[in-house]
$ cat target_39.cif   # mmCIF, C-alpha atoms
data_model
loop_
_atom_site.label_atom_id
_atom_site.label_comp_id
_atom_site.auth_asym_id
_atom_site.auth_seq_id
_atom_site.Cartn_x
_atom_site.Cartn_y
_atom_site.Cartn_z
CA MET Z 203 4.66 0.87 20.78
CA ASN Z 204 8.34 0.68 19.92
CA LYS Z 205 9.39 2.24 23.16
CA GLN Z 206 7.35 -0.26 25.11
CA ALA Z 207 8.82 -3.08 23.10
CA GLU Z 208 12.32 -1.96 23.98
CA ASP Z 209 11.48 -1.62 27.64
CA THR Z 210 9.96 -5.04 28.10
CA SER Z 211 12.82 -6.77 26.36
CA GLN Z 212 15.66 -5.14 28.20
CA PRO Z 213 15.66 -7.16 31.42
CA PRO Z 214 15.82 -10.76 30.15
CA THR Z 215 18.24 -10.51 27.23
CA PRO Z 216 20.89 -8.11 26.10
CA ALA Z 217 19.06 -6.74 23.08
CA GLU Z 218 22.27 -6.72 21.04
CA ASN Z 219 22.00 -10.35 20.06
CA ASN Z 220 18.32 -10.10 19.34
CA ALA Z 221 18.08 -7.64 16.54
CA ASP Z 222 21.10 -8.56 14.47
CA PRO Z 223 20.41 -11.95 12.91
CA PRO Z 224 17.08 -11.20 11.18
CA GLU Z 225 18.60 -8.06 9.73
CA ASP Z 226 21.36 -9.96 8.01
CA ASP Z 227 19.43 -13.01 6.87
CA GLY Z 228 16.42 -11.08 5.70
CA ASN Z 229 18.02 -9.16 2.92
CA LYS Z 230 20.42 -11.49 1.25
CA GLY Z 231 19.42 -13.68 -1.62
CA LYS Z 232 16.41 -11.60 -2.57
CA GLN Z 233 18.32 -8.63 -3.89
CA GLY Z 234 20.75 -9.06 -6.72
CA GLY Z 235 22.68 -6.40 -8.60
CA LEU Z 236 21.34 -3.15 -9.99
CA PHE Z 237 19.86 -4.79 -13.09
CA ASP Z 238 17.99 -7.87 -11.99
CA LYS Z 239 15.19 -9.87 -13.55
CA MET Z 240 12.47 -7.67 -12.11
CA THR Z 241 13.99 -4.50 -13.55
CA ILE Z 242 14.24 -6.12 -16.97
CA PHE Z 243 10.60 -7.23 -16.68
CA PHE Z 244 9.46 -3.69 -15.87
CA ALA Z 245 11.57 -2.27 -18.70
CA ALA Z 246 9.99 -4.71 -21.17
CA LEU Z 247 6.50 -3.94 -19.85
CA GLY Z 248 7.14 -0.21 -20.20
CA LEU Z 249 8.41 -0.67 -23.73
CA ILE Z 250 5.31 -2.61 -24.77
CA ALA Z 251 3.03 0.00 -23.15
CA ALA Z 252 4.95 2.79 -24.90
CA LEU Z 253 4.53 1.10 -28.29
CA ALA Z 254 0.79 0.55 -27.70
CA LEU Z 255 0.39 4.14 -26.56
CA THR Z 256 2.26 5.48 -29.59
CA THR Z 257 0.00 3.65 -32.03
CA GLN Z 258 -3.12 4.61 -30.06
CA ARG Z 259 -2.56 8.20 -29.11
CA GLY Z 260 0.72 9.33 -30.67
CA SER Z 261 4.21 9.83 -29.40
CA ASP Z 262 3.42 13.14 -27.66
CA VAL Z 263 1.44 11.28 -25.00
CA VAL Z 264 4.39 8.94 -24.45
CA VAL Z 265 6.79 11.84 -23.98
CA GLU Z 266 4.35 13.50 -21.57
CA SER Z 267 3.96 10.31 -19.53
CA LEU Z 268 7.75 9.80 -19.45
CA THR Z 269 8.36 13.35 -18.20
CA ASP Z 270 5.72 12.96 -15.47
CA SER Z 271 7.17 9.63 -14.39
CA VAL Z 272 10.74 10.91 -14.16
CA PHE Z 273 9.67 13.77 -11.90
CA LEU Z 274 7.50 11.41 -9.86
CA ALA Z 275 10.40 8.98 -9.40
CA ILE Z 276 12.74 11.79 -8.32
CA GLY Z 277 10.14 12.89 -5.76
CA LEU Z 278 9.62 9.34 -4.54
CA LEU Z 279 13.23 8.47 -3.79
CA PRO Z 280 13.66 10.67 -0.68
CA GLN Z 281 10.34 9.33 0.63
CA ILE Z 282 11.50 5.75 0.08
CA ALA Z 283 14.77 6.58 1.82
CA VAL Z 284 12.92 7.84 4.90
CA GLY Z 285 10.62 4.82 4.84
CA LEU Z 286 13.52 2.36 4.67
CA PHE Z 287 15.42 4.26 7.34
CA LEU Z 288 12.44 4.09 9.69
CA ALA Z 289 11.99 0.40 8.90
CA SER Z 290 15.67 -0.26 9.63
CA LEU Z 291 15.40 1.63 12.92
CA VAL Z 292 12.38 -0.41 13.92
CA SER Z 293 14.03 -3.69 12.99
CA VAL Z 294 17.13 -2.83 15.03
CA MET Z 295 15.24 -1.46 18.02
CA VAL Z 296 12.31 -3.86 18.32
CA PRO Z 297 13.51 -7.26 19.46
CA LYS Z 298 12.47 -10.39 17.68
CA ASP Z 299 10.69 -12.12 20.54
CA THR Z 300 8.43 -9.11 21.16
CA VAL Z 301 7.32 -8.96 17.53
CA GLY Z 302 6.90 -12.73 17.48
CA LYS Z 303 4.77 -12.65 20.59
CA TRP Z 304 2.39 -9.90 19.45
CA LEU Z 305 2.32 -10.42 15.69
CA GLY Z 306 3.70 -13.94 15.27
CA GLN Z 307 2.17 -17.13 13.90
CA ASN Z 308 0.45 -17.94 17.18
CA SER Z 309 -0.92 -14.46 17.82
CA GLY Z 310 -4.39 -15.52 16.68
CA LEU Z 311 -7.21 -13.05 16.19
CA LYS Z 312 -5.58 -10.65 18.65
CA GLY Z 313 -2.52 -10.32 16.42
CA LEU Z 314 -4.65 -9.67 13.34
CA ILE Z 315 -6.69 -7.01 15.15
CA GLY Z 316 -3.51 -5.40 16.49
CA ALA Z 317 -1.94 -5.34 13.03
CA THR Z 318 -5.17 -3.90 11.58
CA ILE Z 319 -5.19 -1.08 14.14
CA ILE Z 320 -1.52 -0.26 13.53
CA GLY Z 321 -2.16 -0.20 9.77
CA ALA Z 322 -5.24 2.00 10.07
CA ILE Z 323 -3.61 4.68 12.20
CA MET Z 324 -0.19 4.67 10.56
CA PRO Z 325 0.42 7.88 8.62
CA GLY Z 326 2.44 8.05 5.44
CA GLY Z 327 2.25 6.49 2.02
CA PRO Z 328 3.44 3.24 0.50
CA PHE Z 329 7.02 4.44 0.88
CA ALA Z 330 6.71 3.61 4.59
CA SER Z 331 4.14 0.81 4.86
CA PHE Z 332 5.86 -1.71 2.59
CA PRO Z 333 9.37 -1.35 4.08
CA LEU Z 334 7.83 -1.55 7.55
CA ALA Z 335 6.03 -4.76 6.64
CA LEU Z 336 9.36 -6.16 5.44
CA ALA Z 337 11.07 -5.15 8.68
CA PHE Z 338 8.31 -6.72 10.80
CA ILE Z 339 8.47 -9.97 8.83
CA ALA Z 340 12.23 -10.09 9.23
CA ALA Z 341 11.69 -9.52 12.95
CA GLY Z 342 9.34 -12.50 13.27
CA ALA Z 343 5.88 -11.23 12.33
CA ASP Z 344 3.44 -13.63 10.74
CA ILE Z 345 2.45 -13.13 7.08
CA GLY Z 346 -1.25 -13.04 8.02
CA CYS Z 347 -0.62 -10.14 10.39
CA MET Z 348 1.42 -8.25 7.83
CA ILE Z 349 -1.23 -8.72 5.14
CA ALA Z 350 -3.83 -7.46 7.62
CA PHE Z 351 -1.52 -4.51 8.36
CA LEU Z 352 -1.07 -3.65 4.66
CA LEU Z 353 -4.77 -4.04 3.86
CA ALA Z 354 -5.77 -1.92 6.84
CA TRP Z 355 -3.34 0.78 5.80
CA ALA Z 356 -4.66 0.63 2.23
CA THR Z 357 -8.43 0.37 2.76
CA ILE Z 358 -9.26 1.86 6.15
CA GLY Z 359 -6.23 4.10 6.64
CA LEU Z 360 -7.47 7.16 8.52
CA ASN Z 361 -4.89 9.43 6.94
CA ARG Z 362 -6.09 8.79 3.39
CA LEU Z 363 -9.72 8.80 4.46
CA LEU Z 364 -9.44 12.28 5.94
CA VAL Z 365 -7.03 13.86 3.48
CA TRP Z 366 -8.33 12.38 0.23
CA GLU Z 367 -11.51 10.36 0.28
CA ALA Z 368 -13.72 12.62 2.40
CA PRO Z 369 -12.84 15.80 0.46
CA PHE Z 370 -13.34 14.15 -2.93
CA MET Z 371 -16.16 11.68 -2.40
CA GLY Z 372 -18.04 13.29 0.48
CA PHE Z 373 -18.34 12.26 4.11
CA ASP Z 374 -21.32 9.89 3.74
CA PHE Z 375 -19.73 7.89 0.95
CA SER Z 376 -16.43 7.68 2.84
CA MET Z 377 -18.17 6.37 5.95
CA LEU Z 378 -20.12 3.82 3.92
CA ARG Z 379 -16.92 2.52 2.35
CA PHE Z 380 -14.99 2.64 5.62
CA PHE Z 381 -17.49 0.56 7.60
CA CYS Z 382 -18.08 -1.93 4.80
CA SER Z 383 -14.28 -2.42 4.46
CA LEU Z 384 -13.67 -2.81 8.19
CA PRO Z 385 -13.67 -6.66 8.22
CA ALA Z 386 -11.54 -6.96 5.06
CA PRO Z 387 -8.05 -6.90 6.70
CA ILE Z 388 -9.01 -9.58 9.24
CA ILE Z 389 -10.55 -11.82 6.56
CA ALA Z 390 -7.46 -11.48 4.35
CA GLY Z 391 -5.20 -12.18 7.34
CA PHE Z 392 -7.00 -15.43 8.12
CA ALA Z 393 -7.03 -16.35 4.42
CA ALA Z 394 -3.28 -15.76 4.14
CA ARG Z 395 -2.58 -17.90 7.23
CA TRP Z 396 -4.71 -20.67 5.78
CA LEU Z 397 -2.92 -20.36 2.40
CA VAL Z 398 0.61 -20.70 3.79
CA ARG Z 399 -0.50 -23.61 5.99
CA ARG Z 400 -2.22 -25.41 3.13
CA PHE Z 401 0.43 -24.64 0.49
CA PRO Z 402 3.75 -24.26 2.36
CA SER Z 403 5.65 -23.78 -0.89
CA ILE Z 404 4.23 -20.27 -1.38
CA ARG Z 405 5.58 -19.09 1.99
CA PRO Z 406 7.60 -15.97 1.21
CA ASP Z 407 11.36 -16.33 1.38
CA ILE Z 408 11.75 -13.33 3.69
CA GLY Z 409 13.06 -13.43 7.21
CA MET T 220 5.77 16.12 0.03
CA SER T 221 2.90 14.95 2.22
CA LEU T 222 2.14 15.57 5.86
CA GLY T 223 2.56 11.85 6.51
CA PHE T 224 6.10 12.07 5.16
CA TYR T 225 7.03 14.77 7.66
CA ILE T 226 5.37 12.91 10.54
CA LEU T 227 7.35 9.78 9.71
CA ALA T 228 10.59 11.72 9.24
CA ALA T 229 10.10 13.34 12.65
CA PHE T 230 9.25 9.96 14.19
CA SER T 231 12.44 8.49 12.69
CA LEU T 232 14.51 11.27 14.25
CA VAL T 233 12.90 10.65 17.64
CA LEU T 234 13.64 6.92 17.38
CA LEU T 235 17.20 7.69 16.31
CA ALA T 236 17.65 9.93 19.36
CA VAL T 237 16.31 7.19 21.63
CA LEU T 238 18.68 4.68 20.05
CA ALA T 239 21.60 7.10 20.37
CA GLN T 240 20.92 7.34 24.07
CA ARG T 241 20.39 3.66 24.75
CA SER T 242 22.80 1.85 22.49
CA PRO T 243 24.74 4.20 20.18
CA GLY T 244 26.79 1.25 18.95
CA LYS T 245 23.87 0.10 16.84
CA ILE T 246 23.50 3.31 14.85
CA PRO T 247 25.95 2.35 12.07
CA GLU T 248 23.96 -0.81 11.57
CA VAL T 249 20.78 1.21 10.95
CA PHE T 250 22.51 3.19 8.21
CA ARG T 251 24.10 0.05 6.75
CA ALA T 252 20.73 -1.71 6.62
CA SER T 253 18.98 1.25 4.98
CA GLY T 254 21.76 1.60 2.43
CA ARG T 255 21.69 -2.08 1.62
CA GLN T 256 17.93 -1.95 1.05
CA ILE T 257 17.79 1.19 -1.03
CA ARG T 258 20.60 0.30 -3.44
CA PRO T 259 18.66 -2.24 -5.52
CA LEU T 260 15.69 0.15 -5.67
CA LEU T 261 17.64 3.00 -7.23
CA ILE T 262 17.21 1.57 -10.73
CA ARG T 263 14.24 -0.73 -10.18
CA LEU T 264 11.89 1.91 -8.78
CA PRO T 265 12.24 4.56 -11.53
CA VAL T 266 11.84 1.88 -14.20
CA ALA T 267 8.69 0.61 -12.45
CA VAL T 268 7.29 4.14 -12.12
CA ILE T 269 7.81 4.77 -15.84
CA ALA T 270 6.20 1.46 -16.85
CA ALA T 271 3.21 2.06 -14.53
CA GLY T 272 2.72 5.58 -15.87
CA LEU T 273 2.67 4.36 -19.47
CA LEU T 274 0.19 1.60 -18.61
CA GLY T 275 -2.05 4.12 -16.83
CA ALA T 276 -2.11 6.40 -19.86
CA LEU T 277 -3.65 3.53 -21.87
CA LEU T 278 -6.78 3.57 -19.66
CA PRO T 279 -9.97 4.88 -21.36
CA SER T 280 -11.55 6.94 -18.57
CA SER T 281 -14.68 8.02 -20.48
CA LEU T 282 -15.97 4.49 -21.06
CA ILE T 283 -15.77 3.44 -17.44
CA ALA T 284 -18.77 5.30 -15.99
CA GLU T 285 -21.14 3.59 -18.45
CA LEU T 286 -19.99 0.16 -17.33
CA LEU T 287 -20.63 0.90 -13.64
CA GLY T 288 -24.25 2.09 -13.55
CA ARG T 289 -26.49 1.40 -10.56
CA ASP T 290 -28.30 -1.49 -12.17
CA THR T 291 -25.23 -3.40 -13.27
CA GLY T 292 -25.39 -5.78 -10.27
CA LEU T 293 -22.80 -8.52 -9.91
CA ILE T 294 -21.24 -7.86 -13.29
CA GLY T 295 -20.88 -4.22 -12.32
CA MET T 296 -19.08 -5.25 -9.11
CA ALA T 297 -16.70 -7.46 -11.06
CA THR T 298 -16.09 -4.71 -13.61
CA ALA T 299 -15.53 -2.15 -10.84
CA THR T 300 -13.02 -4.48 -9.21
CA ALA T 301 -11.11 -4.96 -12.46
CA ILE T 302 -11.07 -1.24 -13.24
CA GLY T 303 -10.11 -0.31 -9.68
CA ALA T 304 -7.12 -2.61 -9.89
CA LEU T 305 -6.02 -0.85 -13.08
CA LEU T 306 -6.51 2.74 -11.85
CA PRO T 307 -3.15 4.42 -12.13
CA GLY T 308 -1.20 6.28 -9.52
CA GLY T 309 -1.53 7.41 -5.95
CA PRO T 310 -4.50 9.21 -4.39
CA PHE T 311 -3.63 12.43 -6.21
CA VAL T 312 -4.48 10.72 -9.52
CA SER T 313 -7.06 8.15 -8.48
CA PHE T 314 -9.51 10.26 -6.49
CA PRO T 315 -10.00 12.92 -9.19
CA LEU T 316 -10.50 10.06 -11.66
CA ALA T 317 -12.94 8.29 -9.35
CA LEU T 318 -14.92 11.49 -8.90
CA LEU T 319 -15.14 11.85 -12.68
CA VAL T 320 -16.45 8.30 -12.99
CA TRP T 321 -19.00 8.86 -10.21
CA GLN T 322 -20.24 12.07 -11.79
CA GLY T 323 -20.47 10.16 -15.06
CA GLY T 324 -23.26 8.02 -13.58
CA ALA T 325 -21.68 5.11 -11.71
CA GLY T 326 -23.58 3.73 -8.69
CA GLU T 327 -22.41 4.17 -5.07
CA ALA T 328 -21.92 0.49 -4.36
CA GLN T 329 -19.95 0.13 -7.60
CA MET T 330 -17.79 3.08 -6.55
CA VAL T 331 -17.21 1.42 -3.17
CA ALA T 332 -16.01 -1.72 -5.00
CA LEU T 333 -13.86 0.36 -7.35
CA LEU T 334 -12.07 2.35 -4.64
CA THR T 335 -11.66 -0.69 -2.39
CA SER T 336 -10.19 -2.58 -5.33
CA TRP T 337 -7.87 0.30 -6.10
CA SER T 338 -6.63 0.28 -2.51
CA ILE T 339 -6.34 -3.50 -2.08
CA LEU T 340 -5.39 -4.73 -5.55
CA GLY T 341 -4.05 -1.56 -7.22
CA LEU T 342 -1.64 -2.94 -9.79
CA HIS T 343 0.30 0.30 -9.83
CA ARG T 344 1.21 0.07 -6.14
CA VAL T 345 1.99 -3.62 -6.45
CA MET T 346 4.40 -2.90 -9.30
CA VAL T 347 6.10 0.15 -7.86
CA TYR T 348 6.37 -0.81 -4.19
CA GLU T 349 5.22 -4.25 -3.17
CA LEU T 350 6.96 -6.38 -5.77
CA PRO T 351 10.35 -4.62 -5.54
CA ILE T 352 10.33 -4.48 -1.73
CA LEU T 353 8.56 -7.66 -0.58
CA GLY T 354 9.08 -10.02 -3.51
CA GLY T 355 6.90 -12.18 -5.74
CA ARG T 356 5.85 -14.83 -3.24
CA PHE T 357 4.56 -12.31 -0.73
CA VAL T 358 2.62 -10.51 -3.46
CA ALA T 359 1.16 -13.81 -4.70
CA THR T 360 0.06 -14.78 -1.17
CA ARG T 361 -1.48 -11.39 -0.50
CA LEU T 362 -3.37 -11.27 -3.80
CA LEU T 363 -4.63 -14.84 -3.36
CA ALA T 364 -5.82 -13.93 0.14
CA SER T 365 -7.62 -10.74 -0.89
CA TRP T 366 -8.73 -10.72 -4.57
CA TYR T 367 -12.39 -11.46 -3.70
CA LEU T 368 -12.69 -8.72 -1.07
CA PRO T 369 -13.52 -5.64 -3.24
CA PRO T 370 -16.69 -7.11 -4.80
CA LEU T 371 -17.66 -8.45 -1.36
CA VAL T 372 -17.27 -5.01 0.21
CA GLY T 373 -19.23 -3.56 -2.75
CA LEU T 374 -22.08 -6.01 -2.21
CA LEU T 375 -22.10 -5.21 1.49
CA ALA T 376 -22.40 -1.53 0.59
CA LEU T 377 -25.26 -2.38 -1.80
CA LEU T 378 -27.09 -4.17 1.03
CA VAL T 379 -26.59 -1.19 3.33
CA ILE T 380 -27.90 1.16 0.64
CA LEU T 381 -30.88 -1.07 -0.16
CA SER T 382 -31.73 -1.36 3.52
CA GLY T 383 -32.15 2.40 3.52
CA ALA T 384 -29.59 2.98 6.25
CA VAL T 385 -27.80 5.51 4.06
CA GLY T 386 -29.49 8.17 1.97
CA ASP T 387 -28.43 9.05 -1.54
CA SER T 388 -24.92 10.20 -0.90
CA ARG T 389 -24.65 11.52 -4.41
CA ASP T 390 -26.19 14.75 -3.16
CA HIS T 391 -22.79 15.36 -1.69
CA ILE T 392 -20.89 15.09 -4.93
CA PRO T 393 -18.98 18.30 -5.29
CA ASP T 394 -19.87 19.23 -8.85
CA SER T 395 -17.49 22.08 -9.51
CA PRO T 396 -13.85 21.48 -10.38
CA ALA T 397 -12.98 24.04 -7.71
CA MET T 398 -13.18 21.25 -5.16
CA THR T 399 -10.58 19.30 -7.06
CA GLU T 400 -8.23 22.23 -7.21
CA GLU T 401 -8.59 22.87 -3.53
CA ALA T 402 -7.68 19.36 -2.63
CA GLN T 403 -4.74 19.07 -5.00
CA PRO T 404 -2.11 21.04 -3.04
CA GLU T 405 -2.50 18.71 -0.09
CA SER T 406 -0.33 16.32 -2.05
CA SER T 407 0.11 12.60 -1.69
CA SER T 408 -0.47 10.49 1.35
#
$ encode --input "target_39.cif" --output "structure tokens"
Amino acid sequence: MNKQAEDTSQPPTPAENNADPPEDDGNKGKQGGLFDKMTIFFAALGLIAALALTTQRGSDVVVESLTDSVFLAIGLLPQIAVGLFLASLVSVMVPKDTVGKWLGQNSGLKGLIGATIIGAIMPGGPFASFPLALAFIAAGADIGCMIAFLLAWATIGLNRLLVWEAPFMGFDFSMLRFFCSLPAPIIAGFAARWLVRRFPSIRPDIG
Amino acid sequence: MSLGFYILAAFSLVLLAVLAQRSPGKIPEVFRASGRQIRPLLIRLPVAVIAAGLLGALLPSSLIAELLGRDTGLIGMATATAIGALLPGGPFVSFPLALLVWQGGAGEAQMVALLTSWSILGLHRVMVYELPILGGRFVATRLLASWYLPPLVGLLALLVILSGAVGDSRDHIPDSPAMTEEAQPESSS
């Protein structure tokens, strides 16, 4: 898809001017220093949970959870790095007007279905899907499409279905859940479009 | 590290090669953009992972199956949705837990609602990834647009089951822990 996008955009405009502006605008403002409000919120939440856990199940459980989390976080960082790198590549290589045309505000049902298909077949965990959604939004994608993309990746993602759900829950159950969830991304996409039209103040400050 | 991770890493390298051939001048920008985006996450993400882990450890897993029996109807769907949203961790934690709950006597349709809720509303993923990367307004919009979907999908599954289109899929529950051990090394997706 990316290759195609590059190809079609090359003749009319020198792609140089296309990819740069969203990149720069998209990431200012939202990200402060290393210790911002969100980090402090998480730290406070963790502290409260740790206190509750200590009184409920003792401090050993807290230490165990902390050790697990530290190892998990160390394992996650390289994955996040790859995800953000891929997202940056996509946002530099895929020009804004192409994304806007296929996944923009006026892409209608076609855009939502396209985003749903991309989400369902995309491999990889949340380390890739969320940065990619950010990159697409910065490149002109509509919030409805990106919510459809994220929901499709989360609920009808083929990768997780085959690797996790089918082995654990059985094939029949997985198929039942898959087919019942099929309309969910489209419904959420339409709902999100309606929400940002009806209440413009909640429109995300990205891109 | 998962298969998906390697696929995406390989895909990134291919894209990088294409970019190097077409417009090598833009490569520094790719690295600059990635660096700029990962810097704020270096502290935020580990703190979020720790907080989510501690919250997950507070979850009483034994009680859950009782609340999600086959005859629990609408209340069961709502309960399943709430519990699914609170299920901790990625698939490597959630699916073993879900299997435990299912074996404990929860109904299929309730399990459909629970797993759909875990995937759509999962608080853990919202905290660790979505909020730090996409910001509060995006998260608010997405949750407002999708909070009602898990019970809806669960009810749809209930209708399908009641219509007799699907047999009792519980026959397929793997009942030995060996299954769990087999699936573990496949790691996260």
$ closest_residue --input "target_39.cif" --among "Z:Leu363, Z:Ala322, Z:Ile349, Z:Met377" --to "chain T" --atoms "all atoms listed in the file"
Z:Ile349
$ interface_residues --input "target_39.cif" --of "chain Z" --to "chain T" --cutoff "6 Å" --atoms "only C-alpha atoms" --output "PyMOL selection string"
chain Z and resi 236+241+244+248+251+271+275+286-288+290-291+325-327+356-357+372+374-375+379+382-383+390+393-394+404+406
$ atom_distance --input "target_39.cif" --atom1 "atom CA of Met371 of chain Z" --atom2 "atom CA of Gly323 of chain T"
13.5 Å
$ atom_distance --input "target_39.cif" --atom1 "atom CA of Gly324 of chain T" --atom2 "atom CA of Gly359 of chain Z"
26.7 Å
$ atom_distance --input "target_39.cif" --atom1 "atom CA of Gly302 of chain Z" --atom2 "atom CA of Ile345 of chain Z"
11.3 Å
$ closest_residue --input "target_39.cif" --among "T:Ala301, T:Leu378, T:Leu316, T:Ala325" --to "Leu287 of chain T" --atoms "all atoms listed in the file"
T:Ala325
$ residues_around --input "target_39.cif" --residues "segment 312-319 of chain Z" --least-positions-apart "6" --cutoff "9 Å" --atoms "only C-alpha atoms" --output "tab-separated table (two decimals) with C-alpha atoms, keeping the file's coordinate frame"
chain	number	residue	atom	x	y	z
Z	303	LYS	CA	4.77	-12.65	20.59
Z	304	TRP	CA	2.39	-9.90	19.45
Z	305	LEU	CA	2.32	-10.42	15.69
Z	306	GLY	CA	3.70	-13.94	15.27
Z	344	ASP	CA	3.44	-13.63	10.74
Z	346	GLY	CA	-1.25	-13.04	8.02
Z	347	CYS	CA	-0.62	-10.14	10.39
Z	348	MET	CA	1.42	-8.25	7.83
Z	349	ILE	CA	-1.23	-8.72	5.14
Z	350	ALA	CA	-3.83	-7.46	7.62
Z	351	PHE	CA	-1.52	-4.51	8.36
Z	352	LEU	CA	-1.07	-3.65	4.66
Z	353	LEU	CA	-4.77	-4.04	3.86
Z	354	ALA	CA	-5.77	-1.92	6.84
Z	355	TRP	CA	-3.34	0.78	5.80
Z	358	ILE	CA	-9.26	1.86	6.15
Z	387	PRO	CA	-8.05	-6.90	6.70
Z	388	ILE	CA	-9.01	-9.58	9.24
Z	391	GLY	CA	-5.20	-12.18	7.34
Z	392	PHE	CA	-7.00	-15.43	8.12
$ resolve_selection --input "target_39.cif" --expression "the PyMOL selection byres ((chain Z and resi 342) around 6)" --output "ChimeraX atom specification"
/Z:298,301-302,339-341,343
